[in-house]
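**Q** I'd like to ask you about the structure that follows.
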Amino acid sequence: MKKTYVLDTNILMTSPNALFGFADNDVVITGTTLQELDAHKGDPGERGYNTRETVRLLESLRKQVSLIEGVKTWDNGRIMLEPDMVDSSVLALGYSIDVPDNRIIATVLKMSKSDKYQTPVTLVTNDLSMKINASACGAQVE
C-alpha cells in the first residue's frame, strides 16, 4: 500500500538522500522543515554540509516542476513541499504552535485529515522526544 512520509528536519540533516529512500511512496517536506533547513545551512561540519546538500537537491527538483505539485521519482513516488497545513486546532491541549516540532506534528495531523492526501501519513524522525509528542497528539510515527 502506498504511503505518504513527512520527513523531519533531522532526517535530512543526517542524510540528504533520504528524499529518495521511500520507494514508490510520497515524500513530503513541510514549510517548517524548509525554514529549519535554511536556519542551519551555515552550521559547521557535516551537519551544515548535509543541510546545504538537501537544499541543493530540493532546488534541482524545483527546477523540474513545482514542488507543491510534486516531482515524480524514478520508482513512481513523489517528492513534494507542503507549506500550508499548519493548524494548531489539531494539536493536543498544551502544545504550542510556536514550537517548530509542534508545527511539523500539526502539519502531519492536518494532512492525515485532508482529502488532498489519499494515503496514510507518517512522520519520520530520529528525535525521540518528537516521536513521543507526535504519538501523544495522535500522529503515526516511524
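The chains in the C-alpha cells are called A, B, ... from first to last as shown; in each chain the residues are counted from 1, and the ligands are counted from 1 in the order shown.
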For Val108 of chain A, find every residue with an atom within 8 Å (counting only C-alpha atoms), except residues of its own chain fewer than 6 positions away, and show them as a ChimeraX atom specification.
**A** /A:6,85,121-123,139
**Q** Arg47 of chain A: which residues within 12 Å, counting only C-alpha atoms, same-chain residues fewer than 2 positions away excluded, as a tab-separated table (two decimals) with N, CA and C atoms, in the first residue's frame?
**A**
chain	number	residue	atom	x	y	z
A	9	THR	N	13.22	17.47	9.95
A	9	THR	CA	14.45	18.16	9.58
A	9	THR	C	15.69	17.32	9.89
A	10	ASN	N	15.70	16.65	11.05
A	10	ASN	CA	16.90	15.91	11.43
A	10	ASN	C	17.22	14.76	10.49
A	11	ILE	N	16.22	14.21	9.84
A	11	ILE	CA	16.46	13.15	8.86
A	11	ILE	C	17.28	13.69	7.70
A	12	LEU	N	16.90	14.85	7.20
A	12	LEU	CA	17.57	15.45	6.05
A	12	LEU	C	18.93	16.03	6.41
A	13	MET	N	19.11	16.45	7.66
A	13	MET	CA	20.40	16.98	8.09
A	13	MET	C	21.39	15.85	8.33
A	14	THR	N	20.89	14.64	8.47
A	14	THR	CA	21.73	13.46	8.63
A	14	THR	C	22.02	12.80	7.29
A	15	SER	N	20.98	12.75	6.43
A	15	SER	CA	21.12	12.05	5.16
A	15	SER	C	20.27	12.72	4.08
A	16	PRO	N	20.85	13.62	3.29
A	16	PRO	CA	20.09	14.30	2.24
A	16	PRO	C	19.42	13.34	1.26
A	37	LEU	N	15.80	24.09	7.75
A	37	LEU	CA	16.99	23.81	6.93
A	37	LEU	C	17.70	25.11	6.60
A	39	ALA	N	17.78	27.80	8.31
A	39	ALA	CA	18.43	28.32	9.51
A	39	ALA	C	19.73	27.58	9.84
A	40	HIS	N	19.86	26.34	9.35
A	40	HIS	CA	21.03	25.52	9.70
A	40	HIS	C	22.03	25.35	8.56
A	41	LYS	N	21.80	25.98	7.42
A	41	LYS	CA	22.70	25.76	6.28
A	41	LYS	C	24.11	26.28	6.53
A	42	GLY	N	24.27	27.17	7.49
A	42	GLY	CA	25.59	27.69	7.80
A	42	GLY	C	26.28	26.95	8.94
A	43	ASP	N	25.66	25.89	9.46
A	43	ASP	CA	26.26	25.13	10.55
A	43	ASP	C	27.60	24.54	10.11
A	44	PRO	N	28.53	24.42	11.05
A	44	PRO	CA	29.84	23.85	10.70
A	44	PRO	C	29.77	22.34	10.50
A	45	GLY	N	30.74	21.83	9.80
A	45	GLY	CA	30.92	20.39	9.68
A	45	GLY	C	29.88	19.69	8.82
A	49	TYR	N	27.01	20.78	5.93
A	49	TYR	CA	27.16	20.24	4.58
A	49	TYR	C	25.90	19.50	4.14
A	50	ASN	N	25.39	18.60	4.99
A	50	ASN	CA	24.19	17.84	4.66
A	50	ASN	C	22.98	18.75	4.46
A	51	THR	N	22.90	19.78	5.27
A	51	THR	CA	21.79	20.73	5.13
A	51	THR	C	21.86	21.43	3.78
A	52	ARG	N	23.03	21.91	3.43
A	52	ARG	CA	23.20	22.58	2.13
A	52	ARG	C	22.95	21.62	0.98
A	53	GLU	N	23.40	20.38	1.11
A	53	GLU	CA	23.17	19.38	0.07
A	53	GLU	C	21.67	19.10	-0.09
A	54	THR	N	20.94	19.03	1.00
A	54	THR	CA	19.49	18.83	0.93
A	54	THR	C	18.84	19.98	0.18
**Q** Let's see if you can do this: from backbone DSSP, list all strand (DSSP E or B) residues in segment 23-133 of chain A, as a ChimeraX atom specification.
**A** /A:26-30,71-72,78-82,121-124
**Q** Keeping only N, CA, C and O atoms, take the residues you just selected and write them out as a compact mmCIF listing (two decimals), in the first residue's frame.
**A**
# COMPACT_ATOMS: atom_id res chain seq x y z
N ASP A 26 5.09 8.63 -1.43
CA ASP A 26 5.25 10.08 -1.49
C ASP A 26 6.06 10.57 -0.30
O ASP A 26 5.86 10.10 0.82
N VAL A 27 6.99 11.49 -0.55
CA VAL A 27 7.81 12.10 0.50
C VAL A 27 7.46 13.58 0.54
O VAL A 27 7.48 14.26 -0.49
N VAL A 28 7.13 14.06 1.72
CA VAL A 28 6.71 15.45 1.89
C VAL A 28 7.66 16.17 2.83
O VAL A 28 8.04 15.64 3.88
N ILE A 29 8.04 17.39 2.43
CA ILE A 29 8.82 18.29 3.26
C ILE A 29 7.87 19.42 3.63
O ILE A 29 7.25 20.04 2.76
N THR A 30 7.75 19.70 4.92
CA THR A 30 6.86 20.78 5.35
C THR A 30 7.56 22.13 5.19
O THR A 30 8.79 22.21 5.13
N VAL A 71 7.28 16.27 -7.51
CA VAL A 71 8.17 15.77 -8.55
C VAL A 71 8.15 14.25 -8.50
O VAL A 71 8.40 13.66 -7.46
N LYS A 72 7.85 13.63 -9.63
CA LYS A 72 7.84 12.16 -9.70
C LYS A 72 9.26 11.63 -9.59
O LYS A 72 10.19 12.19 -10.17
N ARG A 78 6.68 10.38 -5.27
CA ARG A 78 6.72 11.83 -5.48
C ARG A 78 7.45 12.47 -4.31
O ARG A 78 7.37 12.00 -3.19
N ILE A 79 8.12 13.58 -4.60
CA ILE A 79 8.71 14.42 -3.57
C ILE A 79 8.01 15.76 -3.68
O ILE A 79 7.93 16.33 -4.77
N MET A 80 7.48 16.23 -2.56
CA MET A 80 6.71 17.47 -2.62
C MET A 80 6.88 18.32 -1.37
O MET A 80 7.36 17.84 -0.34
N LEU A 81 6.49 19.57 -1.49
CA LEU A 81 6.53 20.53 -0.39
C LEU A 81 5.10 20.81 0.05
O LEU A 81 4.22 21.03 -0.79
N GLU A 82 4.86 20.80 1.36
CA GLU A 82 3.55 21.14 1.91
C GLU A 82 3.72 22.34 2.84
O GLU A 82 4.07 22.20 4.01
N VAL A 121 -0.52 8.94 6.33
CA VAL A 121 0.55 9.92 6.50
C VAL A 121 1.35 9.56 7.75
O VAL A 121 0.78 9.40 8.83
N THR A 122 2.66 9.44 7.60
CA THR A 122 3.54 9.03 8.69
C THR A 122 4.70 10.01 8.81
O THR A 122 5.34 10.35 7.82
N LEU A 123 4.96 10.45 10.03
CA LEU A 123 6.11 11.30 10.33
C LEU A 123 7.34 10.41 10.51
O LEU A 123 7.29 9.40 11.22
N VAL A 124 8.45 10.79 9.88
CA VAL A 124 9.71 10.07 10.03
C VAL A 124 10.70 11.01 10.72
O VAL A 124 11.01 12.09 10.21
**Q** Considering only C-alpha atoms, return as a PyMOL selection string whatever protein or nucleic-acid residues lie within 12 Å of segment 93-96 of chain A, sequence-local ones (same chain, fewer than 4 positions apart) excluded.
**A** chain A and resi 86-89+100-106+130+133-134+136-137
**Q** Quick one: distance from atom CA of Ser60 of chain A to atom CA of Asp24 of chain A in Å, one decimal?
**A**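 Between atom CA of Ser60 of chain A and atom CA of Asp24 of chain A the gap is 19.8 Å.
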**Q** Could you pull out the alpha helix (DSSP H) residues of chain A, going by DSSP on the backbone, and write them as number ranges by chain?
**A** A: 9-14, 31-40, 45-62, 100-113, 128-137
**Q** What separation in Å, quoted to one decimal, exists between atom CA of Asp8 of chain A and atom CA of Asn126 of chain A?
**A**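 Taking atom CA of Asp8 of chain A as the start and atom CA of Asn126 of chain A as the end point, the length is 8.0 Å.
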**Q** Which distance in Å separates atom CA of Leu58 of chain A and atom CA of Lys131 of chain A, to one decimal?
**A**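 Answer for the atom CA of Leu58 of chain A to atom CA of Lys131 of chain A separation: 24.9 Å.
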**Q** Choose the residue, out of A:Val65, A:Met111, A:Val141, A:Ala23, that has the smallest atom-to-atom separation from Asp84 of chain A; count only C-alpha atoms.
**A**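 Looking at the shortest contact to Asp84 of chain A, the residue is A:Met111.
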**Q** Check the smallest atom-to-atom distance from each of A:Leu7, A:Ile68, A:Leu61, A:Leu19 to Glu142 of chain A using only C-alpha atoms, then report the winner.
**A**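 Among the listed residues, the smallest separation from Glu142 of chain A belongs to A:Leu7.
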**Q** Determine the nearest neighbour of Thr107 of chain A from the options A:Gln140, A:Asn25, A:Thr119, A:Thr32, counting only C-alpha atoms.
**A**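 Once distances to Thr107 of chain A are computed over only C-alpha atoms, the minimum belongs to A:Thr32.
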